[in-house]
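Asker: Provided below: upload19.cif, containing mmCIF, C-alpha atoms.
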data_my_file
loop_
_atom_site.group_PDB
_atom_site.id
_atom_site.type_symbol
_atom_site.label_atom_id
_atom_site.label_comp_id
_atom_site.auth_asym_id
_atom_site.auth_seq_id
_atom_site.Cartn_x
_atom_site.Cartn_y
_atom_site.Cartn_z
ATOM 1 C CA MET F 1 29.659 -18.552 -37.780
ATOM 2 C CA SER F 2 28.820 -16.002 -35.081
ATOM 3 C CA ILE F 3 26.982 -16.778 -31.886
ATOM 4 C CA PHE F 4 25.001 -13.503 -31.974
ATOM 5 C CA PHE F 5 23.524 -13.591 -35.464
ATOM 6 C CA ASP F 6 20.679 -15.819 -36.665
ATOM 7 C CA VAL F 7 18.561 -15.065 -33.589
ATOM 8 C CA ASN F 8 14.839 -15.546 -34.054
ATOM 9 C CA TRP F 9 13.583 -12.315 -32.483
ATOM 10 C CA LEU F 10 9.946 -13.374 -32.599
ATOM 11 C CA ALA F 11 10.823 -16.472 -30.567
ATOM 12 C CA VAL F 12 12.818 -14.303 -28.141
ATOM 13 C CA ILE F 13 9.896 -11.900 -27.600
ATOM 14 C CA ILE F 14 7.437 -14.772 -27.101
ATOM 15 C CA ALA F 15 9.913 -16.398 -24.675
ATOM 16 C CA VAL F 16 10.095 -13.145 -22.679
ATOM 17 C CA LEU F 17 6.290 -13.076 -22.515
ATOM 18 C CA ALA F 18 6.207 -16.737 -21.456
ATOM 19 C CA SER F 19 8.740 -16.022 -18.727
ATOM 20 C CA ALA F 20 6.731 -13.003 -17.547
ATOM 21 C CA LEU F 21 3.578 -15.129 -17.475
ATOM 22 C CA VAL F 22 5.350 -17.736 -15.338
ATOM 23 C CA GLY F 23 6.447 -14.984 -12.933
ATOM 24 C CA TYR F 24 2.930 -13.554 -12.761
ATOM 25 C CA LEU F 25 1.397 -16.946 -12.015
ATOM 26 C CA TRP F 26 4.182 -18.023 -9.640
ATOM 27 C CA TYR F 27 4.165 -14.918 -7.471
ATOM 28 C CA GLY F 28 0.420 -14.425 -7.864
ATOM 29 C CA PRO F 29 -2.120 -17.235 -7.654
ATOM 30 C CA LEU F 30 0.310 -20.159 -7.208
ATOM 31 C CA PHE F 31 2.693 -19.023 -4.446
ATOM 32 C CA GLY F 32 1.830 -15.352 -3.889
ATOM 33 C CA LYS F 33 0.563 -15.713 -0.326
ATOM 34 C CA ARG F 34 3.474 -17.933 0.715
ATOM 35 C CA TRP F 35 5.958 -15.574 -0.944
ATOM 36 C CA ILE F 36 4.491 -12.502 0.777
ATOM 37 C CA ALA F 37 4.535 -14.318 4.127
ATOM 38 C CA ALA F 38 8.149 -15.398 3.560
ATOM 39 C CA MET F 39 9.010 -11.753 2.822
ATOM 40 C CA GLY F 40 7.518 -10.845 6.184
ATOM 41 C CA GLY F 41 4.397 -9.167 4.842
ATOM 42 C CA THR F 42 0.717 -9.829 4.817
ATOM 43 C CA ALA F 43 -1.664 -10.384 1.909
ATOM 44 C CA ALA F 44 -1.408 -8.012 -1.023
ATOM 45 C CA PRO F 45 -3.385 -4.791 -0.579
ATOM 46 C CA THR F 46 -6.766 -4.446 -2.221
ATOM 47 C CA ALA F 47 -8.178 -1.223 -3.651
ATOM 48 C CA ALA F 48 -10.215 -0.729 -0.464
ATOM 49 C CA THR F 49 -7.250 -1.142 1.886
ATOM 50 C CA VAL F 50 -5.089 1.146 -0.253
ATOM 51 C CA SER F 51 -7.808 3.802 -0.140
ATOM 52 C CA GLU F 52 -8.172 3.463 3.649
ATOM 53 C CA THR F 53 -4.397 3.519 4.152
ATOM 54 C CA THR F 54 -3.999 6.564 1.898
ATOM 55 C CA THR F 55 -6.741 8.435 3.759
ATOM 56 C CA ASP F 56 -5.250 7.512 7.153
ATOM 57 C CA ALA F 57 -1.786 8.552 5.979
ATOM 58 C CA ALA F 58 -3.092 11.889 4.701
ATOM 59 C CA VAL F 59 -4.826 12.626 8.030
ATOM 60 C CA GLU F 60 -1.655 11.675 9.937
ATOM 61 C CA ALA F 61 0.500 13.855 7.671
ATOM 62 C CA VAL F 62 -1.734 16.909 8.113
ATOM 63 C CA SER F 63 -1.853 16.362 11.844
ATOM 64 C CA ALA F 64 1.925 15.889 12.075
ATOM 65 C CA ALA F 65 2.537 19.017 9.986
ATOM 66 C CA ALA F 66 0.246 21.050 12.231
ATOM 67 C CA THR F 67 2.060 19.965 15.386
ATOM 68 C CA ALA F 68 5.627 19.781 14.029
ATOM 69 C CA PRO F 69 8.141 22.474 14.861
ATOM 70 C CA GLU F 70 9.296 24.804 12.106
ATOM 71 C CA THR F 71 11.853 23.189 9.811
ATOM 72 C CA THR F 72 14.914 25.233 9.046
ATOM 73 C CA PRO F 73 16.444 25.206 5.567
ATOM 74 C CA ASP F 74 19.515 23.424 7.010
ATOM 75 C CA ALA F 75 17.378 20.642 8.508
ATOM 76 C CA ALA F 76 15.508 20.216 5.224
ATOM 77 C CA ALA F 77 18.808 20.009 3.322
ATOM 78 C CA GLU F 78 20.080 17.333 5.724
ATOM 79 C CA ALA F 79 16.877 15.297 5.365
ATOM 80 C CA ALA F 80 16.832 15.401 1.539
ATOM 81 C CA PRO F 81 19.663 12.867 0.962
ATOM 82 C CA ALA F 82 18.072 10.419 3.409
ATOM 83 C CA LYS F 83 14.747 10.603 1.558
ATOM 84 C CA ALA F 84 16.486 10.173 -1.806
ATOM 85 C CA GLU F 85 18.415 7.159 -0.494
ATOM 86 C CA GLU F 86 15.188 5.628 0.878
ATOM 87 C CA LYS F 87 13.451 6.094 -2.482
ATOM 88 C CA THR F 88 16.400 4.483 -4.295
ATOM 89 C CA LYS F 89 16.274 1.447 -2.010
ATOM 90 C CA THR F 90 12.563 0.842 -2.411
ATOM 91 C CA GLY F 91 11.970 1.842 -6.020
ATOM 92 C CA SER F 92 8.602 1.292 -7.609
ATOM 93 C CA PRO F 93 7.097 -1.996 -8.768
ATOM 94 C CA ASN F 94 6.990 -0.562 -12.302
ATOM 95 C CA ASN F 95 10.734 0.105 -12.242
ATOM 96 C CA ALA F 96 11.397 -3.405 -10.953
ATOM 97 C CA MET F 97 9.202 -4.935 -13.672
ATOM 98 C CA THR F 98 10.895 -2.881 -16.394
ATOM 99 C CA ILE F 99 14.340 -3.940 -15.209
ATOM 100 C CA MET F 100 13.299 -7.605 -14.982
ATOM 101 C CA LEU F 101 11.766 -7.533 -18.467
ATOM 102 C CA ALA F 102 14.992 -6.053 -19.851
ATOM 103 C CA LEU F 103 17.091 -8.697 -18.081
ATOM 104 C CA THR F 104 14.738 -11.438 -19.274
ATOM 105 C CA LEU F 105 15.110 -10.110 -22.824
ATOM 106 C CA VAL F 106 18.897 -10.417 -22.501
ATOM 107 C CA GLN F 107 18.529 -13.908 -21.012
ATOM 108 C CA CYS F 108 16.212 -15.076 -23.807
ATOM 109 C CA PHE F 109 18.489 -13.542 -26.436
ATOM 110 C CA LEU F 110 21.436 -15.497 -25.033
ATOM 111 C CA VAL F 111 19.389 -18.703 -24.789
ATOM 112 C CA SER F 112 18.347 -18.245 -28.418
ATOM 113 C CA SER F 113 21.943 -17.572 -29.480
ATOM 114 C CA LEU F 114 23.216 -20.688 -27.737
ATOM 115 C CA ILE F 115 20.433 -22.874 -29.106
ATOM 116 C CA ASP F 116 21.133 -21.613 -32.620
ATOM 117 C CA TYR F 117 24.888 -22.038 -32.184
ATOM 118 C CA TYR F 118 24.712 -25.615 -30.893
ATOM 119 C CA LYS F 119 21.725 -26.653 -33.057
ATOM 120 C CA GLY F 120 20.327 -28.953 -30.390
ATOM 121 C CA SER F 121 17.065 -30.858 -30.299
ATOM 122 C CA LEU F 122 14.170 -29.729 -28.096
ATOM 123 C CA GLY F 123 15.164 -32.369 -25.528
ATOM 124 C CA SER F 124 18.721 -31.069 -25.380
ATOM 125 C CA VAL F 125 17.379 -27.508 -25.030
ATOM 126 C CA ILE F 126 15.329 -28.537 -21.987
ATOM 127 C CA LEU F 127 18.312 -30.430 -20.535
ATOM 128 C CA TRP F 128 20.499 -27.375 -21.141
ATOM 129 C CA ALA F 129 17.974 -25.209 -19.237
ATOM 130 C CA VAL F 130 17.995 -27.544 -16.220
ATOM 131 C CA VAL F 131 21.802 -27.790 -16.188
ATOM 132 C CA THR F 132 22.131 -24.005 -16.491
ATOM 133 C CA TRP F 133 19.656 -23.498 -13.656
ATOM 134 C CA PHE F 134 21.480 -25.977 -11.455
ATOM 135 C CA ALA F 135 24.956 -24.656 -12.319
ATOM 136 C CA ILE F 136 24.223 -20.925 -12.118
ATOM 137 C CA VAL F 137 20.919 -20.112 -10.423
ATOM 138 C CA VAL F 138 21.055 -22.631 -7.565
ATOM 139 C CA PRO F 139 24.490 -21.503 -6.303
ATOM 140 C CA LEU F 140 23.435 -17.845 -6.437
ATOM 141 C CA LEU F 141 20.258 -18.548 -4.480
ATOM 142 C CA ALA F 142 22.141 -20.804 -2.045
ATOM 143 C CA ASN F 143 24.431 -17.852 -1.389
ATOM 144 C CA GLN F 144 21.397 -15.779 -0.422
ATOM 145 C CA TRP F 145 20.270 -18.466 1.998
ATOM 146 C CA LEU F 146 23.665 -19.263 3.503
ATOM 147 C CA PHE F 147 25.319 -15.862 3.742
ATOM 148 C CA GLU F 148 22.547 -13.300 3.446
ATOM 149 C CA LYS F 149 20.356 -15.290 5.850
ATOM 150 C CA ARG F 150 17.316 -15.279 3.595
ATOM 151 C CA ARG F 151 14.555 -17.620 4.659
ATOM 152 C CA LEU F 152 14.786 -21.046 3.026
ATOM 153 C CA ASP F 153 11.144 -21.001 1.916
ATOM 154 C CA LEU F 154 11.729 -17.680 0.145
ATOM 155 C CA VAL F 155 14.813 -19.047 -1.599
ATOM 156 C CA LEU F 156 12.975 -22.215 -2.649
ATOM 157 C CA ILE F 157 10.046 -20.236 -4.063
ATOM 158 C CA SER F 158 12.488 -18.117 -6.079
ATOM 159 C CA ALA F 159 14.481 -21.168 -7.212
ATOM 160 C CA GLY F 160 11.338 -22.881 -8.459
ATOM 161 C CA GLN F 161 10.206 -19.811 -10.339
ATOM 162 C CA GLN F 162 13.625 -19.431 -11.953
ATOM 163 C CA LEU F 163 13.606 -23.063 -13.101
ATOM 164 C CA VAL F 164 10.084 -22.970 -14.541
ATOM 165 C CA SER F 165 10.715 -19.587 -16.166
ATOM 166 C CA LEU F 166 13.944 -20.777 -17.787
ATOM 167 C CA LEU F 167 12.247 -23.988 -18.935
ATOM 168 C CA ALA F 168 9.333 -22.041 -20.439
ATOM 169 C CA ALA F 169 11.625 -19.617 -22.284
ATOM 170 C CA SER F 170 13.894 -22.415 -23.491
ATOM 171 C CA PHE F 171 10.914 -24.473 -24.636
ATOM 172 C CA VAL F 172 9.446 -21.583 -26.635
ATOM 173 C CA ILE F 173 12.791 -20.824 -28.285
ATOM 174 C CA GLY F 174 13.561 -24.523 -28.803
ATOM 175 C CA VAL F 175 10.244 -25.136 -30.581
ATOM 176 C CA TRP F 176 11.159 -22.471 -33.165
ATOM 177 C CA TYR F 177 14.434 -24.217 -34.088
#
How would this structure read if it were set down as structure tokens?
Answerer:
Amino acid sequence: MSIFFDVNWLAVIIAVLASALVGYLWYGPLFGKRWIAAMGGTAAPTAATVSETTTDAAVEAVSAAATAPETTPDAAAEAAPAKAEEKTKTGSPNNAMTIMLALTLVQCFLVSSLIDYYKGSLGSVILWAVVTWFAIVVPLLANQWLFEKRRLDLVLISAGQQLVSLLAASFVIGVWY
């Protein structure tokens, strides 16, 4: 008996969607404002504020280009790695979502494999999710709070989302077995 065969892929895909829905709700209507504040930001931009910001940025860029000294090829070459590094650090929200969906797919695949391997009841699946969260996720998030000096409210928001997301995925997969 192999741990990686007999996976119900439909259950895995639905579990990924359930986990994504939890993330959307958690970081959107439920705790979005608190999460943004804990990250040090303000409310999410609206279409109007993005348009105003883009227009202001364009005017500033044209004005800066008009008053800036000539850039030599050497100066441009030196600035290129810094801009590339900055882009790598920030990334786009679409890239972050794609990576998280791929990681959630792996997570749900492993949850499905373990559930199939151990043939547990739905109750044991939910208990397994809580124990896994407490044994793996909580220490990782505690590390962010203790050593990386992340704000406690930010860590708690993330911890809650991880628990609910893992419970939702485990529930969906557990119902199929």
Asker: Starting from the shown file, work through the PyMOL selection byres ((chain F and resi 177) around 9) and note down what comes out as a count of residues only.
Answerer: 11
Asker: Provide the atom CA of Gln107 of chain F to atom CA of Gly160 of chain F distance in Å, to one decimal place.
Answerer: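 Computing the Euclidean distance for atom CA of Gln107 of chain F and atom CA of Gly160 of chain F yields 17.0 Å.
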Asker: Step by step: start from the point (22.3, -20.7, -7.1) in the file's coordinates, keep every protein, DNA or RNA residue that has an atom no farther than 12 Å from it, count all atoms listed in the file, and write the set as a PyMOL selection string.
Answerer: chain F and resi 131-146+155-156+158-160+162-163
Asker: What does the structure give for the distance between atom CA of Ile14 of chain F and atom CA of Phe31 of chain F, in Å to one decimal?
Answerer: 23.5 Å
Asker: Hey, can you check how far atom CA of Tyr24 of chain F sits from atom CA of Ala129 of chain F?
Answerer: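 These atoms are spaced 20.1 Å apart.
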Asker: Within 12 Å of (18.1, -18.6, -30.6), all atoms listed in the file: residues as number ranges by chain?
Answerer: F: 2-15, 105-120, 125, 169-177
Asker: Mind giving me the axis-aligned box for segment 97-116 of chain F with 5 Å on every side, centre plus edges in Å to one decimal, as AutoDock Vina command-line options?
Answerer:
--center_x 16.2 --center_y -12.9 --center_z -23.1 --size_x 24.0 --size_y 30.0 --size_z 28.9
Asker: Take the PyMOL selection byres ((chain F and resi 39) around 12), run it mentally on this structure, and tell me the resulting residues as a ChimeraX atom specification.
Answerer: /F:27,32-38,40-44,150-155,157-158
Asker: Given the PyMOL selection byres ((chain F and resi 21) around 12) and the file above, list the residues it selects as a ChimeraX atom specification.
Answerer: /F:14-20,22-30,101,104,161,164-166,168-169
